[in-house]
file final-v1.txt (compact mmCIF, C-alpha atoms)
# COMPACT_ATOMS: atom_id res chain seq x y z
CA MET A 1 162.99 148.32 41.30
CA ARG A 2 160.86 150.60 39.21
CA VAL A 3 162.09 152.72 36.32
CA THR A 4 161.27 156.42 36.57
CA ALA A 5 162.40 159.70 35.10
CA PRO A 6 164.14 162.00 37.59
CA ALA A 7 162.23 165.06 38.76
CA ALA A 8 165.07 167.48 37.87
CA ARG A 9 167.41 167.34 34.92
CA ALA A 10 170.92 168.58 34.36
CA ALA A 11 170.17 169.50 30.76
CA THR A 12 173.74 170.49 29.87
CA THR A 13 175.62 167.75 31.75
CA THR A 14 177.31 164.66 30.35
CA LEU A 15 178.67 162.03 32.75
CA VAL A 16 181.65 160.03 31.47
CA THR A 17 182.30 156.84 33.40
CA GLY A 18 184.45 153.76 33.06
CA PRO A 19 187.32 151.85 34.62
CA VAL A 20 190.78 153.22 35.36
CA ARG A 21 192.91 153.97 32.27
CA SER A 22 189.98 153.41 29.91
CA GLY A 23 190.27 156.78 28.15
CA LYS A 24 187.56 158.59 30.14
CA SER A 25 189.48 161.83 30.57
CA ARG A 26 190.57 161.96 26.94
CA HIS A 27 186.97 161.43 25.83
CA ALA A 28 185.74 164.14 28.22
CA GLU A 29 188.36 166.56 26.90
CA HIS A 30 187.30 165.73 23.33
CA LEU A 31 183.66 166.50 24.16
CA LEU A 32 184.66 170.07 25.08
CA ALA A 33 187.43 170.61 22.50
CA HIS A 34 185.23 172.97 20.44
CA GLU A 35 184.33 175.20 23.42
CA PRO A 36 186.02 178.64 23.42
CA SER A 37 186.36 178.68 27.22
CA VAL A 38 186.73 175.70 29.56
CA THR A 39 187.25 175.59 33.31
CA TYR A 40 188.96 172.30 34.21
CA VAL A 41 188.13 171.42 37.81
CA ALA A 42 190.86 169.08 39.04
CA THR A 43 189.56 167.46 42.23
CA GLY A 44 192.57 165.28 43.05
CA ARG A 45 195.71 165.86 45.03
CA ARG A 46 198.30 168.18 43.52
CA ALA A 47 201.58 166.87 42.17
CA ASP A 48 203.77 165.78 45.09
CA PRO A 49 207.55 165.19 44.95
CA ALA A 50 207.11 162.47 47.58
CA ASP A 51 204.86 160.53 45.15
CA PRO A 52 206.51 160.59 41.71
CA GLU A 53 203.99 158.20 40.14
CA TRP A 54 201.04 160.42 41.15
CA SER A 55 202.95 163.49 39.99
CA ARG A 56 203.45 161.91 36.54
CA ARG A 57 199.70 161.26 36.31
CA VAL A 58 198.93 164.88 37.18
CA GLU A 59 201.54 166.16 34.71
CA ASP A 60 200.18 163.93 31.91
CA HIS A 61 196.70 165.39 32.42
CA GLN A 62 198.06 168.94 32.54
CA ALA A 63 200.07 168.47 29.34
CA ARG A 64 196.97 167.42 27.36
CA ARG A 65 194.92 170.50 28.25
CA PRO A 66 194.75 173.28 25.67
CA PRO A 67 196.64 176.38 26.80
CA GLY A 68 193.46 178.49 26.98
CA TRP A 69 191.75 176.23 29.52
CA LEU A 70 191.59 177.53 33.08
CA THR A 71 192.54 174.93 35.71
CA VAL A 72 190.96 175.12 39.16
CA GLU A 73 192.37 172.66 41.72
CA SER A 74 189.59 172.36 44.27
CA ALA A 75 187.17 170.04 46.02
CA ASP A 76 184.57 172.82 45.88
CA VAL A 77 183.14 171.65 42.57
CA ALA A 78 179.81 173.44 42.98
CA GLY A 79 181.63 176.69 43.78
CA ALA A 80 183.93 176.31 40.76
CA MET A 81 180.92 175.71 38.51
CA GLU A 82 179.13 178.77 39.86
CA SER A 83 182.11 181.03 39.10
CA ALA A 84 182.85 179.54 35.64
CA ARG A 85 182.15 181.67 32.57
CA GLY A 86 182.23 178.86 30.02
CA ALA A 87 182.13 175.08 29.80
CA VAL A 88 183.25 173.04 32.81
CA LEU A 89 185.11 169.72 32.95
CA VAL A 90 185.16 168.01 36.36
CA ASP A 91 187.84 165.32 36.66
CA CYS A 92 186.95 163.28 38.63
CA LEU A 93 184.29 162.25 41.16
CA GLY A 94 186.49 159.47 42.59
CA THR A 95 189.23 161.85 43.67
CA TRP A 96 186.52 164.30 44.79
CA VAL A 97 184.99 161.73 47.16
CA THR A 98 188.48 160.97 48.46
CA ALA A 99 189.12 164.67 49.13
CA ILE A 100 185.81 165.05 50.97
CA VAL A 101 186.51 162.02 53.17
CA ASP A 102 190.11 163.13 53.75
CA ASP A 103 188.70 166.40 55.05
CA ALA A 104 185.95 164.73 57.13
CA GLY A 105 188.25 161.96 58.39
CA TRP A 106 188.40 158.27 57.59
CA SER A 107 188.05 157.32 61.25
CA ASP A 108 184.30 158.06 61.38
CA LEU A 109 182.81 156.65 58.18
CA ASP A 110 179.22 157.46 59.24
CA ALA A 111 180.10 161.16 59.52
CA ALA A 112 182.06 160.96 56.26
CA ALA A 113 179.04 159.38 54.51
CA THR A 114 176.83 162.23 55.71
CA ARG A 115 179.31 164.75 54.30
CA VAL A 116 179.73 162.93 50.96
CA ARG A 117 175.96 162.66 50.48
CA SER A 118 175.38 166.30 51.42
CA GLU A 119 178.07 167.47 48.99
CA GLY A 120 176.68 165.09 46.36
CA ARG A 121 173.23 166.68 46.65
CA ARG A 122 174.81 170.13 46.40
CA LEU A 123 176.67 169.02 43.27
CA VAL A 124 173.50 167.67 41.65
CA GLU A 125 171.62 170.89 42.46
CA SER A 126 174.41 172.88 40.79
CA LEU A 127 174.38 170.61 37.73
CA CYS A 128 170.61 171.02 37.41
CA ALA A 129 170.83 174.81 37.80
CA THR A 130 173.63 175.59 35.34
CA THR A 131 173.14 176.44 31.70
CA LEU A 132 176.84 175.93 30.92
CA PRO A 133 178.03 172.75 29.20
CA VAL A 134 179.45 170.44 31.90
CA VAL A 135 181.28 167.13 31.51
CA VAL A 136 181.82 165.12 34.70
CA VAL A 137 184.33 162.24 34.77
CA THR A 138 184.05 159.39 37.25
CA ASN A 139 185.40 155.91 37.89
CA GLU A 140 183.01 153.02 37.55
CA VAL A 141 183.32 150.97 40.72
CA GLY A 142 182.19 147.51 41.72
CA TRP A 143 183.30 145.51 38.67
CA SER A 144 186.03 143.69 40.53
CA LEU A 145 186.60 142.18 43.94
CA VAL A 146 184.83 143.53 47.00
CA PRO A 147 187.44 145.53 48.95
CA THR A 148 188.77 143.81 52.04
CA THR A 149 188.73 146.87 54.30
CA PRO A 150 185.79 148.89 55.68
CA SER A 151 187.22 152.08 54.17
CA GLY A 152 187.57 150.42 50.76
CA ARG A 153 183.98 149.15 50.84
CA PHE A 154 182.83 152.57 52.04
CA PHE A 155 184.56 154.31 49.13
CA GLN A 156 183.15 151.86 46.61
CA ASP A 157 179.62 152.21 47.99
CA GLU A 158 179.65 156.01 48.24
CA LEU A 159 181.14 156.56 44.80
CA GLY A 160 178.66 154.08 43.32
CA ARG A 161 175.77 155.97 44.93
CA LEU A 162 177.10 159.31 43.73
CA ASN A 163 177.60 158.00 40.19
CA ALA A 164 173.98 156.80 40.10
CA LEU A 165 172.75 160.12 41.48
CA VAL A 166 174.58 162.15 38.82
CA ALA A 167 173.67 159.70 36.03
CA ALA A 168 169.99 159.96 36.96
CA VAL A 169 169.93 163.69 36.18
CA ALA A 170 172.55 163.95 33.42
CA ALA A 171 171.39 164.63 29.87
CA GLY A 172 174.02 162.18 28.60
CA VAL A 173 175.96 159.27 30.06
CA HIS A 174 178.94 157.76 28.24
CA LEU A 175 180.66 154.55 29.29
CA VAL A 176 184.30 154.28 28.15
CA VAL A 177 185.83 150.80 28.14
CA ALA A 178 189.19 149.95 26.55
CA GLY A 179 189.14 153.26 24.68
CA ARG A 180 185.68 152.60 23.20
CA VAL A 181 182.68 154.82 23.98
CA ILE A 182 179.18 153.49 24.58
CA ASP A 183 176.39 156.07 24.77
CA LEU A 184 174.01 155.10 27.59
CA GLY A 185 171.73 158.06 26.97
CA ASP A 186 168.69 156.00 26.00
CA ALA A 187 169.07 153.47 28.80
CA PRO A 188 166.28 153.51 31.42
CA VAL A 189 166.94 155.10 34.80
CA VAL A 190 166.42 152.74 37.70
CA SER A 191 164.88 154.41 40.72
CA ALA A 192 166.32 153.39 44.06
CA ALA A 193 166.43 154.81 47.55
CA PRO A 194 169.23 157.42 47.86
CA ASP A 195 171.06 155.32 50.44
CA ALA A 196 170.61 151.97 48.68

call {"tool": "encode", "arguments": {"input": "final-v1.txt", "output": "structure tokens"}}
result
Amino acid sequence: MRVTAPAARAATTTLVTGPVRSGKSRHAEHLLAHEPSVTYVATGRRADPADPEWSRRVEDHQARRPPGWLTVESADVAGAMESARGAVLVDCLGTWVTAIVDDAGWSDLDAAATRVRSEGRRLVESLCATTLPVVVVTNEVGWSLVPTTPSGRFFQDELGRLNALVAAVAAGVHLVVAGRVIDLGDAPVVSAAPDA
């Protein structure tokens, strides 16, 4: 693989990645704490009485947000960014990919991959076009066992590709592990085929 600089840059975007429960969202919120106006784009499912554990996760995130932050619950991340008037926090790409595939259908993973990649390109174009500060949260995948199901491997592969795509254009990339932040901003960008 050769190391190259990306053709376009998302000059105001920081990607925050790491494993589950590492402190990614708290770090992302901290990065925008000084901003007078923040649109929080929540890409995951809404709280659901049938899933109390998920509802507690959603409520914990909601409780941490400053009262002046606007919350937009949507999978249309590019659209939410275009209508924002201040900084944007997107949390997170993992639940966003899930929402896109839920909409496209898990029964045809080839069609779902086409949709995820198309939406990923649209997201990157929006990140490169905006002048607003944007922080994007994502889950780092692939550090554990290979999933045993085709849909699990599909999710891991597509989120990994999307993470690399966003990281390649982002002005900053932070890795959060066990509550500790590592700035990957000076690390070289590895060029690879978009579907690798």

call {"tool": "atom_distance", "arguments": {"input": "final-v1.txt", "atom1": "atom CA of Thr71 of chain A", "atom2": "atom CA of Arg115 of chain A"}}
result
25.0 Å

call {"tool": "residues_around", "arguments": {"input": "final-v1.txt", "residues": "segment 141-146 of chain A", "least_positions_apart": "2", "cutoff": "8 Å", "atoms": "only C-alpha atoms", "output": "MDAnalysis selection string"}}
result
chainID A and resid 19 139 148 153 156 159:160

call {"tool": "residues_near_point", "arguments": {"input": "final-v1.txt", "point": "(184.9, 167.5, 24.9)", "cutoff": "10 Å", "atoms": "all atoms listed in the file", "output": "short mmCIF file (atom, residue, chain, number, x, y, z; two decimals) with C-alpha atoms, in the frame of the given file"}}
result
data_model
loop_
_atom_site.label_atom_id
_atom_site.label_comp_id
_atom_site.auth_asym_id
_atom_site.auth_seq_id
_atom_site.Cartn_x
_atom_site.Cartn_y
_atom_site.Cartn_z
CA THR A 14 177.31 164.66 30.35
CA SER A 25 189.48 161.83 30.57
CA ARG A 26 190.57 161.96 26.94
CA HIS A 27 186.97 161.43 25.83
CA ALA A 28 185.74 164.14 28.22
CA GLU A 29 188.36 166.56 26.90
CA HIS A 30 187.30 165.73 23.33
CA LEU A 31 183.66 166.50 24.16
CA LEU A 32 184.66 170.07 25.08
CA ALA A 33 187.43 170.61 22.50
CA HIS A 34 185.23 172.97 20.44
CA GLU A 35 184.33 175.20 23.42
CA VAL A 38 186.73 175.70 29.56
CA ALA A 87 182.13 175.08 29.80
CA VAL A 88 183.25 173.04 32.81
CA LEU A 89 185.11 169.72 32.95
CA PRO A 133 178.03 172.75 29.20
CA VAL A 134 179.45 170.44 31.90
CA VAL A 135 181.28 167.13 31.51
#

call {"tool": "residues_around", "arguments": {"input": "final-v1.txt", "residues": "Val181 of chain A", "least_positions_apart": "6", "cutoff": "9 Å", "atoms": "all atoms listed in the file", "output": "list in words"}}
result
Gly23, Lys24, His27, His174 and Leu175 of chain A

call {"tool": "atom_distance", "arguments": {"input": "final-v1.txt", "atom1": "atom CA of Gly120 of chain A", "atom2": "atom CA of Ser107 of chain A"}}
result
20.3 Å

call {"tool": "build_atoms", "arguments": {"input": "final-v1.txt", "residues": "segment 120-141 of chain A", "atoms": "N, CA and C atoms", "output": "PDB file, in the frame of the given file"}}
result
ATOM      1  N   GLY A 120     177.216 165.662  47.593  1.00  0.00           N
ATOM      2  CA  GLY A 120     176.680 165.090  46.360  1.00  0.00           C
ATOM      3  C   GLY A 120     175.365 165.742  45.961  1.00  0.00           C
ATOM      4  N   ARG A 121     174.497 165.980  46.942  1.00  0.00           N
ATOM      5  CA  ARG A 121     173.230 166.680  46.650  1.00  0.00           C
ATOM      6  C   ARG A 121     173.495 168.105  46.173  1.00  0.00           C
ATOM      7  N   ARG A 122     174.456 168.768  46.818  1.00  0.00           N
ATOM      8  CA  ARG A 122     174.810 170.130  46.400  1.00  0.00           C
ATOM      9  C   ARG A 122     175.340 170.132  44.960  1.00  0.00           C
ATOM     10  N   LEU A 123     176.151 169.140  44.627  1.00  0.00           N
ATOM     11  CA  LEU A 123     176.670 169.020  43.270  1.00  0.00           C
ATOM     12  C   LEU A 123     175.538 168.841  42.266  1.00  0.00           C
ATOM     13  N   VAL A 124     174.614 167.927  42.562  1.00  0.00           N
ATOM     14  CA  VAL A 124     173.500 167.670  41.650  1.00  0.00           C
ATOM     15  C   VAL A 124     172.637 168.912  41.480  1.00  0.00           C
ATOM     16  N   GLU A 125     172.386 169.627  42.560  1.00  0.00           N
ATOM     17  CA  GLU A 125     171.620 170.890  42.460  1.00  0.00           C
ATOM     18  C   GLU A 125     172.329 171.878  41.541  1.00  0.00           C
ATOM     19  N   SER A 126     173.644 171.972  41.648  1.00  0.00           N
ATOM     20  CA  SER A 126     174.410 172.880  40.790  1.00  0.00           C
ATOM     21  C   SER A 126     174.356 172.440  39.333  1.00  0.00           C
ATOM     22  N   LEU A 127     174.459 171.130  39.097  1.00  0.00           N
ATOM     23  CA  LEU A 127     174.380 170.610  37.730  1.00  0.00           C
ATOM     24  C   LEU A 127     173.023 170.900  37.116  1.00  0.00           C
ATOM     25  N   CYS A 128     171.964 170.770  37.914  1.00  0.00           N
ATOM     26  CA  CYS A 128     170.610 171.020  37.410  1.00  0.00           C
ATOM     27  C   CYS A 128     170.346 172.508  37.189  1.00  0.00           C
ATOM     28  N   ALA A 129     171.063 173.368  37.906  1.00  0.00           N
ATOM     29  CA  ALA A 129     170.830 174.810  37.800  1.00  0.00           C
ATOM     30  C   ALA A 129     171.628 175.470  36.683  1.00  0.00           C
ATOM     31  N   THR A 130     172.767 174.900  36.300  1.00  0.00           N
ATOM     32  CA  THR A 130     173.630 175.590  35.340  1.00  0.00           C
ATOM     33  C   THR A 130     173.107 175.470  33.919  1.00  0.00           C
ATOM     34  N   THR A 131     173.440 176.471  33.127  1.00  0.00           N
ATOM     35  CA  THR A 131     173.140 176.440  31.700  1.00  0.00           C
ATOM     36  C   THR A 131     174.429 176.245  30.893  1.00  0.00           C
ATOM     37  N   LEU A 132     175.558 176.145  31.582  1.00  0.00           N
ATOM     38  CA  LEU A 132     176.840 175.930  30.920  1.00  0.00           C
ATOM     39  C   LEU A 132     177.019 174.458  30.571  1.00  0.00           C
ATOM     40  N   PRO A 133     177.714 174.149  29.485  1.00  0.00           N
ATOM     41  CA  PRO A 133     178.030 172.750  29.200  1.00  0.00           C
ATOM     42  C   PRO A 133     178.965 172.212  30.288  1.00  0.00           C
ATOM     43  N   VAL A 134     178.633 171.050  30.843  1.00  0.00           N
ATOM     44  CA  VAL A 134     179.450 170.440  31.900  1.00  0.00           C
ATOM     45  C   VAL A 134     179.688 168.974  31.540  1.00  0.00           C
ATOM     46  N   VAL A 135     180.931 168.551  31.657  1.00  0.00           N
ATOM     47  CA  VAL A 135     181.280 167.130  31.510  1.00  0.00           C
ATOM     48  C   VAL A 135     181.900 166.700  32.832  1.00  0.00           C
ATOM     49  N   VAL A 136     181.353 165.641  33.418  1.00  0.00           N
ATOM     50  CA  VAL A 136     181.820 165.120  34.700  1.00  0.00           C
ATOM     51  C   VAL A 136     182.410 163.734  34.459  1.00  0.00           C
ATOM     52  N   VAL A 137     183.647 163.525  34.900  1.00  0.00           N
ATOM     53  CA  VAL A 137     184.330 162.240  34.770  1.00  0.00           C
ATOM     54  C   VAL A 137     184.252 161.513  36.093  1.00  0.00           C
ATOM     55  N   THR A 138     184.042 160.194  36.033  1.00  0.00           N
ATOM     56  CA  THR A 138     184.050 159.390  37.250  1.00  0.00           C
ATOM     57  C   THR A 138     184.578 158.001  36.961  1.00  0.00           C
ATOM     58  N   ASN A 139     184.973 157.308  38.012  1.00  0.00           N
ATOM     59  CA  ASN A 139     185.400 155.910  37.890  1.00  0.00           C
ATOM     60  C   ASN A 139     184.208 155.013  38.157  1.00  0.00           C
ATOM     61  N   GLU A 140     184.056 154.015  37.317  1.00  0.00           N
ATOM     62  CA  GLU A 140     183.010 153.020  37.550  1.00  0.00           C
ATOM     63  C   GLU A 140     183.569 152.029  38.568  1.00  0.00           C
ATOM     64  N   VAL A 141     182.834 151.840  39.653  1.00  0.00           N
ATOM     65  CA  VAL A 141     183.320 150.970  40.720  1.00  0.00           C
ATOM     66  C   VAL A 141     182.444 149.732  40.837  1.00  0.00           C
TER      67      VAL A 141
END
